[in-house]
Structure formats: C-alpha cells, structure tokens
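Shown next: model.txt, containing compact mmCIF, C-alpha atoms.
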# COMPACT_ATOMS: atom_id res chain seq x y z
CA GLN A 21 10.76 -51.95 -115.34
CA VAL A 22 14.38 -51.26 -116.14
CA GLN A 23 16.46 -50.56 -113.09
CA LEU A 24 19.91 -50.50 -111.59
CA VAL A 25 20.51 -52.08 -108.21
CA LEU A 26 23.50 -51.00 -106.13
CA SER A 27 25.29 -52.91 -103.46
CA GLY A 28 28.60 -52.80 -101.63
CA GLY A 29 28.42 -49.61 -99.65
CA GLY A 30 29.35 -49.41 -96.00
CA SER A 31 31.81 -47.97 -93.53
CA VAL A 32 35.56 -48.06 -93.90
CA GLN A 33 38.57 -46.47 -92.23
CA PRO A 34 40.67 -43.87 -94.06
CA GLY A 35 43.00 -45.57 -96.51
CA GLY A 36 40.65 -48.49 -96.95
CA SER A 37 38.91 -49.79 -100.06
CA LEU A 38 35.41 -50.64 -101.14
CA ARG A 39 33.91 -52.05 -104.30
CA LEU A 40 30.44 -51.01 -105.35
CA SER A 41 28.33 -53.12 -107.68
CA CYS A 42 25.68 -51.85 -110.05
CA ALA A 43 23.51 -54.61 -111.50
CA ALA A 44 21.23 -53.86 -114.41
CA SER A 45 17.78 -55.39 -114.74
CA LEU A 46 15.74 -55.68 -117.95
CA PHE A 47 18.40 -54.04 -120.09
CA SER A 48 21.95 -54.85 -121.07
CA VAL A 49 24.93 -52.82 -119.92
CA THR A 50 26.64 -53.85 -123.16
CA HIS A 51 24.69 -51.10 -124.92
CA TYR A 52 25.02 -48.24 -122.45
CA ALA A 53 27.64 -46.20 -120.73
CA ILE A 54 27.36 -46.41 -116.96
CA GLY A 55 28.31 -43.48 -114.80
CA TRP A 56 29.12 -43.31 -111.13
CA PHE A 57 28.07 -40.32 -109.06
CA ARG A 58 28.08 -39.25 -105.46
CA GLN A 59 26.30 -36.74 -103.31
CA ALA A 60 27.58 -35.56 -99.97
CA PRO A 61 25.27 -33.89 -97.44
CA GLY A 62 24.44 -30.35 -98.47
CA LYS A 63 26.23 -30.67 -101.80
CA GLU A 64 25.21 -31.20 -105.39
CA ARG A 65 25.48 -34.57 -107.04
CA GLU A 66 28.85 -34.86 -108.76
CA GLY A 67 30.16 -37.24 -111.34
CA VAL A 68 33.02 -39.54 -110.43
CA VAL A 69 33.75 -41.74 -113.44
CA CYS A 70 31.94 -43.18 -116.43
CA SER A 71 32.48 -46.53 -118.14
CA SER A 72 31.70 -46.51 -121.83
CA VAL A 73 30.83 -49.60 -123.82
CA SER A 74 34.02 -49.58 -125.88
CA LYS A 75 35.93 -46.33 -125.34
CA GLY A 76 37.20 -46.84 -121.84
CA LEU A 77 36.72 -44.60 -118.84
CA THR A 78 35.93 -40.93 -118.53
CA TYR A 79 36.93 -39.50 -115.18
CA TYR A 80 34.85 -36.59 -113.99
CA ILE A 81 37.13 -36.17 -110.96
CA ASP A 82 40.73 -36.03 -112.16
CA SER A 83 42.19 -36.86 -108.76
CA LYS A 84 40.56 -40.31 -108.89
CA LYS A 85 42.55 -41.38 -111.95
CA GLY A 86 44.86 -44.21 -111.00
CA ARG A 87 43.15 -44.69 -107.64
CA TRP A 88 39.61 -45.57 -108.52
CA THR A 89 38.44 -47.56 -111.49
CA ALA A 90 35.24 -48.78 -113.07
CA SER A 91 34.94 -52.16 -114.72
CA ARG A 92 32.31 -54.34 -116.31
CA ASP A 93 31.25 -57.96 -116.12
CA ASN A 94 28.96 -58.36 -119.10
CA ALA A 95 28.09 -61.94 -118.18
CA LYS A 96 26.69 -60.65 -114.87
CA ASN A 97 25.27 -57.50 -116.48
CA THR A 98 27.05 -55.56 -113.76
CA VAL A 99 29.39 -52.61 -113.54
CA TYR A 100 31.74 -52.07 -110.61
CA LEU A 101 33.43 -49.12 -108.96
CA GLN A 102 36.62 -50.01 -107.14
CA MET A 103 37.54 -47.29 -104.67
CA ASN A 104 40.99 -47.36 -103.11
CA ASN A 105 42.61 -45.13 -100.52
CA LEU A 106 39.28 -43.76 -99.36
CA GLN A 107 39.35 -40.56 -97.35
CA ALA A 108 36.82 -38.77 -95.17
CA GLU A 109 35.92 -36.41 -97.99
CA ASP A 110 34.76 -39.41 -100.02
CA THR A 111 31.87 -39.92 -97.61
CA ALA A 112 28.67 -39.64 -99.62
CA ILE A 113 25.77 -41.50 -101.12
CA TYR A 114 26.96 -43.16 -104.30
CA PHE A 115 24.84 -43.75 -107.35
CA CYS A 116 25.22 -45.46 -110.68
CA ALA A 117 23.30 -44.42 -113.75
CA ALA A 118 22.91 -45.50 -117.35
CA SER A 119 23.32 -42.98 -120.13
CA GLY A 120 21.24 -42.93 -123.28
CA GLY A 121 23.91 -44.56 -125.41
CA PRO A 122 27.25 -46.37 -125.44
CA ASP A 123 29.50 -43.33 -124.91
CA CYS A 124 30.12 -41.30 -121.80
CA PRO A 125 29.00 -37.68 -121.87
CA ASP A 126 32.05 -35.42 -121.71
CA ASP A 127 30.04 -33.05 -119.57
CA TYR A 128 27.80 -34.84 -117.09
CA TYR A 129 26.04 -31.74 -115.78
CA PRO A 130 23.19 -31.69 -115.13
CA PRO A 131 23.37 -35.41 -114.43
CA GLU A 132 19.63 -35.96 -114.45
CA THR A 133 19.47 -34.96 -118.10
CA LYS A 134 22.60 -36.77 -119.26
CA TYR A 135 21.78 -40.10 -117.60
CA ASP A 136 18.42 -41.80 -117.88
CA VAL A 137 18.22 -44.70 -115.41
CA TRP A 138 19.44 -44.30 -111.83
CA GLY A 139 20.16 -46.76 -109.10
CA GLN A 140 18.85 -46.23 -105.60
CA GLY A 141 22.09 -45.06 -104.03
CA THR A 142 24.29 -46.62 -101.40
CA GLN A 143 25.97 -44.96 -98.45
CA VAL A 144 29.75 -44.90 -98.19
CA THR A 145 31.17 -43.61 -94.92
CA VAL A 146 34.87 -43.12 -94.35
CA SER A 147 35.73 -42.55 -90.72
CA SER A 148 38.31 -43.53 -88.15
Now that the file is in, can you turn its structure into structure tokens?
Amino acid sequence: QVQLVLSGGGSVQPGGSLRLSCAASLFSVTHYAIGWFRQAPGKEREGVVCSSVSKGLTYYIDSKKGRWTASRDNAKNTVYLQMNNLQAEDTAIYFCAASGGPDCPDDYYPPETKYDVWGQGTQVTVSS
C-alpha cells in the first residue's frame, strides 16, 4: 500500500536544528505536493509548510519563512523539512502528508480532507 515513512525526530535544545525525512513508498513524490504538519498536546493539527512539485513552497505558518524549509530529493523519493532555531513551542508530533495533486492547497484546513496519504508522525521535543 502507498505510504509515507517519517524519520529524524528527536530531542534538541532551544536554538538547535533538526531535519525530518519523509520517504514515499509505492508512489512518486514527483507527482504530488507534500505538506508538513504538527500537532502539539491538546491542540489541533496545524500546517507548517507545503512543497509543491513545481511551484515552490507554501508556508502555512508565516513566522517559519526564512527559518524552516522543505526540499525534495526525487532520486530518493523523499521530502525533507529542515527546522532551524527550534524553540520550546515547536514541540509537537510532526507529520508529512501527500496531497491529491502537484500543487499545495492554499487553505490546508481541514487537513484530513486536503491531504490524502499521511505518515505515521515523529516526535520533536525542544527542551533545555
């Protein structure tokens, strides 16, 4: 079955960086926009950034522009989320998801209807 497999989560001190990987299986990321989401305890799932096939990035959180970025390695069928200057409020479970087409939805909410295939989630904890 088609799936997305996440890796790269973990614990980091404030100001640190992490890179998450989202590897696609049985479908090609070259045909689909891939979004990154997070969900903190007691909060709704929120969009972070989406990587389209050919139209660049759509940031769902404006404050992450210039600090976080998503990229693709088509040869590895993998999309990455590079997170810099992590802060305690970035602590959450992070997900990647594939949309139904090559472009990022301008409005990701509700995410479960705008994105079709979801990875399993990976914990990111930012703490001193």
Inset, instruction - Within 8 Å of segment 93-98 of chain A, counting all atoms listed in the file, which residues show up once you throw out same-chain ones fewer than 2 positions away? Write them as a PyMOL selection string, please. - result: chain A and resi 41-45+48-50+91+100
Residues of the last selection are to be written out with C-alpha atoms, as an mmCIF file, in the frame of the given file.
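Resulting contents of result-v9.cif:
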data_model
loop_
_atom_site.group_PDB
_atom_site.id
_atom_site.type_symbol
_atom_site.label_atom_id
_atom_site.label_comp_id
_atom_site.auth_asym_id
_atom_site.auth_seq_id
_atom_site.Cartn_x
_atom_site.Cartn_y
_atom_site.Cartn_z
ATOM 1 C CA SER A 41 28.330 -53.120 -107.680
ATOM 2 C CA CYS A 42 25.680 -51.850 -110.050
ATOM 3 C CA ALA A 43 23.510 -54.610 -111.500
ATOM 4 C CA ALA A 44 21.230 -53.860 -114.410
ATOM 5 C CA SER A 45 17.780 -55.390 -114.740
ATOM 6 C CA SER A 48 21.950 -54.850 -121.070
ATOM 7 C CA VAL A 49 24.930 -52.820 -119.920
ATOM 8 C CA THR A 50 26.640 -53.850 -123.160
ATOM 9 C CA SER A 91 34.940 -52.160 -114.720
ATOM 10 C CA TYR A 100 31.740 -52.070 -110.610
#
Inset, instruction - Just give me the gap between atom CA of Arg65 of chain A and atom CA of Gly29 of chain A in Å, one decimal is fine. - result: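 Separating atom CA of Arg65 of chain A from atom CA of Gly29 of chain A is a distance of 17.0 Å.
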Legend entry - Shell of 9 Å around Leu38 of chain A, all atoms listed in the file, local chain residues under 6 positions omitted, as a PyMOL selection string: chain A and resi 28-32+101-104+106+144
Inset, instruction - Could you give me, as a list in words, the residues that sit within 6 Å of (23.7, -47.4, -110.5) in the file's coordinates, counting only C-alpha atoms? - result: Leu24, Leu26, Cys42, Phe115, Cys116, Ala117, Trp138 and Gly139 of chain A
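Counting only C-alpha atoms, the residue from A:Tyr52, A:Phe57, A:Tyr79, A:Trp88 that sits nearest to Glu132 of chain A is A:Phe57.
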Inset, instruction - Work out how far atom CA of Val69 of chain A is from atom CA of Ala118 of chain A, in Å to one decimal. - result: 12.1 Å
Inset, instruction - For each of A:Lys85, A:Val99, A:Gly141, A:Glu64, take the minimum atom-to-atom distance to Tyr129 of chain A, counting all atoms listed in the file, then give the residue where this is smallest. - result: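 Distance minimum relative to Tyr129 of chain A lands on A:Glu64.
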Inset, instruction - In Å, rounded to a single decimal, give me how far atom CA of Gly36 of chain A is from atom CA of Gly86 of chain A. - result: 15.3 Å
Inset, instruction - Identify the residues around (38.0, -38.4, -100.7) within a radius of 10 Å, measuring from only C-alpha atoms in the coordinates stated by the file, and give them as a VMD selection string. - result: chain A and resid 34 to 35 83 to 84 103 to 112 146
Leaving out Lys75 of chain A and any residue of its chain fewer than 2 positions from it, which residues lie within 10 Å of it when counting only C-alpha atoms, given as a compact mmCIF listing (two decimals) with C-alpha atoms, in the coordinates of the input?
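Done, and the output landed in part_38.txt:
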# COMPACT_ATOMS: atom_id res chain seq x y z
CA ALA A 53 27.64 -46.20 -120.73
CA SER A 71 32.48 -46.53 -118.14
CA SER A 72 31.70 -46.51 -121.83
CA VAL A 73 30.83 -49.60 -123.82
CA LEU A 77 36.72 -44.60 -118.84
CA THR A 78 35.93 -40.93 -118.53
CA PRO A 122 27.25 -46.37 -125.44
CA ASP A 123 29.50 -43.33 -124.91
CA CYS A 124 30.12 -41.30 -121.80
Inset, instruction - Would you please work out which residue, of A:Pro125, A:Pro61, A:Gly120, A:Pro130, is nearest to Phe47 of chain A when using only C-alpha atoms? - result: A:Gly120
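You can rank A:Val22, A:Asp136, A:Gly121, A:Pro131 by their closest distance to Val68 of chain A using all atoms listed in the file, and at the top of that list sits A:Pro131.
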Legend entry - Pick from A:Ile113, A:Ile81, A:Val25, A:Leu40, whichever lies nearest to Ala60 of chain A using only C-alpha atoms: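 When distances to Ala60 of chain A are compared using only C-alpha atoms, the smallest one comes from A:Ile113.
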Legend entry - Pick from A:Thr145, A:Gly55, A:Tyr80, A:Leu46 nearest to Arg92 of chain A, counting only C-alpha atoms: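 Nearest to Arg92 of chain A: A:Gly55.
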